[in-house]
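Take a look at the structure set out below.
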Amino acid sequence: MTKTALASAALTRINRQLLALNIIQLTCGIGFVVDFYLEFPAPWGWHYLSLEGVLHLGSESMIMGLLILGFAIARSATRTLGRQRDYLDRKLSALRGDFDRILNDRFDHWRLTPAQRDVALLTLRGLRLSDIATARGSAEGTIKAHLSAVFRAAGVRTRAELVGIFMEDFLDFAVAPASRKS
């Protein structure tokens with residue numbers, strides 16, 4: 001399962017938990033309203049209540065009010081979290097697209113062949129030479145040759161330096177004014 005799928009599953013689980021919390025709060029609120037009505041059915045008779053009855057009525061009213069306030073706050077927080085999640089999803093999508101463009105721009109500038117592009121991309125993803133060779137159905141020697149060509153074109157000697165080029169580009173792009181991104 002990918003990190004995105006795991007994050008989505010976690011958000012779904014959190015949404016279900018928040019919904020369960022809202023249902024519990026709503027059920028308790030309804031229970032309090034029913035209890036309140038059964039104990040004090042006629043508001044016009046409330047002025048005949050004893051001190052104990054007034055305290056009981058007041059405490060149940062306060063608890064019911066707090067429960068309703070808690071429900072409203074929880075619903076508001078749920079909506080806010082949903083809006084924030086949607087905003088972050090949109091931003092992540094845009095950044096992924098920007099990163100793809102940055103990769104392709106660099107690969108074009110270096111004049112990499114399609115095979116070298118694949119090897120460079122798989123290297124950036126952190127795959128070992130043997131894994132890249134298996135994924136591409138090539139010999140490890142071929143992958144080493146492609147990776148050496150990528151390193152020469154990029155002017156680097158190690159994988160870390162290759163990753164560093166893209167991280168620098170990406171970080172520079174992420175903080176650039178919107179006019180430079182277009």
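Here, A, B, ... name the chains of the structure tokens in the order displayed, residue numbers run from 1 inside each chain, and ligands are numbered from 1 in the same displayed order.
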
Practice task
Would you mind listing what lies within 9 Å of A:Gln25 as a PyMOL selection string, with only C-alpha atoms counted and same-chain residues fewer than 4 positions away left out?
Solution key: chain A and resi 20-21+29-30+67-68+70-71

Practice task
Do a neighbour search on stretch 170-172 of chain A at 10 Å with only C-alpha atoms, toss out local chain neighbours closer than 4 positions, and write the hits as a PyMOL selection string.
Solution key: chain A and resi 95+98-100+102-103+164-166+176-177

Problem - Of the listed residues A:Asn104, A:Ser61, A:Glu52, A:Asn15, that which approaches A:Leu81 most closely, counting only C-alpha atoms - result: A:Asn15

Practice task
Give the alpha helix (DSSP H) residues of stretch 26-154 of chain A, as assigned by DSSP on the backbone, as an MDAnalysis selection string.
Solution key: chainID A and resid 26:39 51:110 114:124 129:136 140:154

Practice task
Would you kindly return, as a PyMOL selection string, each protein, DNA or RNA residue with an atom no farther than 9 Å from any atom of A:Arg117, considering only C-alpha atoms and excluding same-chain residues fewer than 2 positions away?
Solution key: chain A and resi 104+107+112-115+119-122+146+150

Only N, CA and C atoms, please: the residues just picked out, written as a PDB file, in the first residue's frame.
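out_2.pdb written:
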ATOM      1  N   ASN A 104      11.344  16.510 -15.797  1.00  0.00           N
ATOM      2  CA  ASN A 104      11.390  16.453 -17.262  1.00  0.00           C
ATOM      3  C   ASN A 104      12.218  17.591 -17.863  1.00  0.00           C
ATOM      4  N   PHE A 107      15.798  16.529 -17.334  1.00  0.00           N
ATOM      5  CA  PHE A 107      16.124  15.417 -18.235  1.00  0.00           C
ATOM      6  C   PHE A 107      16.267  15.910 -19.677  1.00  0.00           C
ATOM      7  N   LEU A 112      18.823  13.290 -21.943  1.00  0.00           N
ATOM      8  CA  LEU A 112      18.836  11.874 -21.570  1.00  0.00           C
ATOM      9  C   LEU A 112      17.970  11.066 -22.522  1.00  0.00           C
ATOM     10  N   THR A 113      18.397   9.848 -22.788  1.00  0.00           N
ATOM     11  CA  THR A 113      17.588   8.924 -23.591  1.00  0.00           C
ATOM     12  C   THR A 113      16.441   8.421 -22.721  1.00  0.00           C
ATOM     13  N   PRO A 114      15.417   7.832 -23.335  1.00  0.00           N
ATOM     14  CA  PRO A 114      14.326   7.280 -22.531  1.00  0.00           C
ATOM     15  C   PRO A 114      14.824   6.274 -21.483  1.00  0.00           C
ATOM     16  N   ALA A 115      15.770   5.429 -21.836  1.00  0.00           N
ATOM     17  CA  ALA A 115      16.289   4.442 -20.877  1.00  0.00           C
ATOM     18  C   ALA A 115      17.011   5.146 -19.731  1.00  0.00           C
ATOM     19  N   VAL A 119      16.107   5.061 -15.683  1.00  0.00           N
ATOM     20  CA  VAL A 119      17.098   4.711 -14.666  1.00  0.00           C
ATOM     21  C   VAL A 119      17.262   5.858 -13.672  1.00  0.00           C
ATOM     22  N   ALA A 120      17.308   7.094 -14.179  1.00  0.00           N
ATOM     23  CA  ALA A 120      17.444   8.254 -13.292  1.00  0.00           C
ATOM     24  C   ALA A 120      16.242   8.354 -12.357  1.00  0.00           C
ATOM     25  N   LEU A 121      15.049   8.192 -12.897  1.00  0.00           N
ATOM     26  CA  LEU A 121      13.844   8.277 -12.084  1.00  0.00           C
ATOM     27  C   LEU A 121      13.802   7.174 -11.027  1.00  0.00           C
ATOM     28  N   LEU A 122      14.126   5.949 -11.417  1.00  0.00           N
ATOM     29  CA  LEU A 122      14.128   4.843 -10.458  1.00  0.00           C
ATOM     30  C   LEU A 122      15.216   5.026  -9.402  1.00  0.00           C
ATOM     31  N   HIS A 146      23.950   3.252 -17.865  1.00  0.00           N
ATOM     32  CA  HIS A 146      22.946   4.325 -17.965  1.00  0.00           C
ATOM     33  C   HIS A 146      23.114   5.313 -16.809  1.00  0.00           C
ATOM     34  N   VAL A 150      23.940   9.320 -16.804  1.00  0.00           N
ATOM     35  CA  VAL A 150      23.113  10.309 -16.096  1.00  0.00           C
ATOM     36  C   VAL A 150      24.002  11.166 -15.209  1.00  0.00           C
TER      37      VAL A 150
END
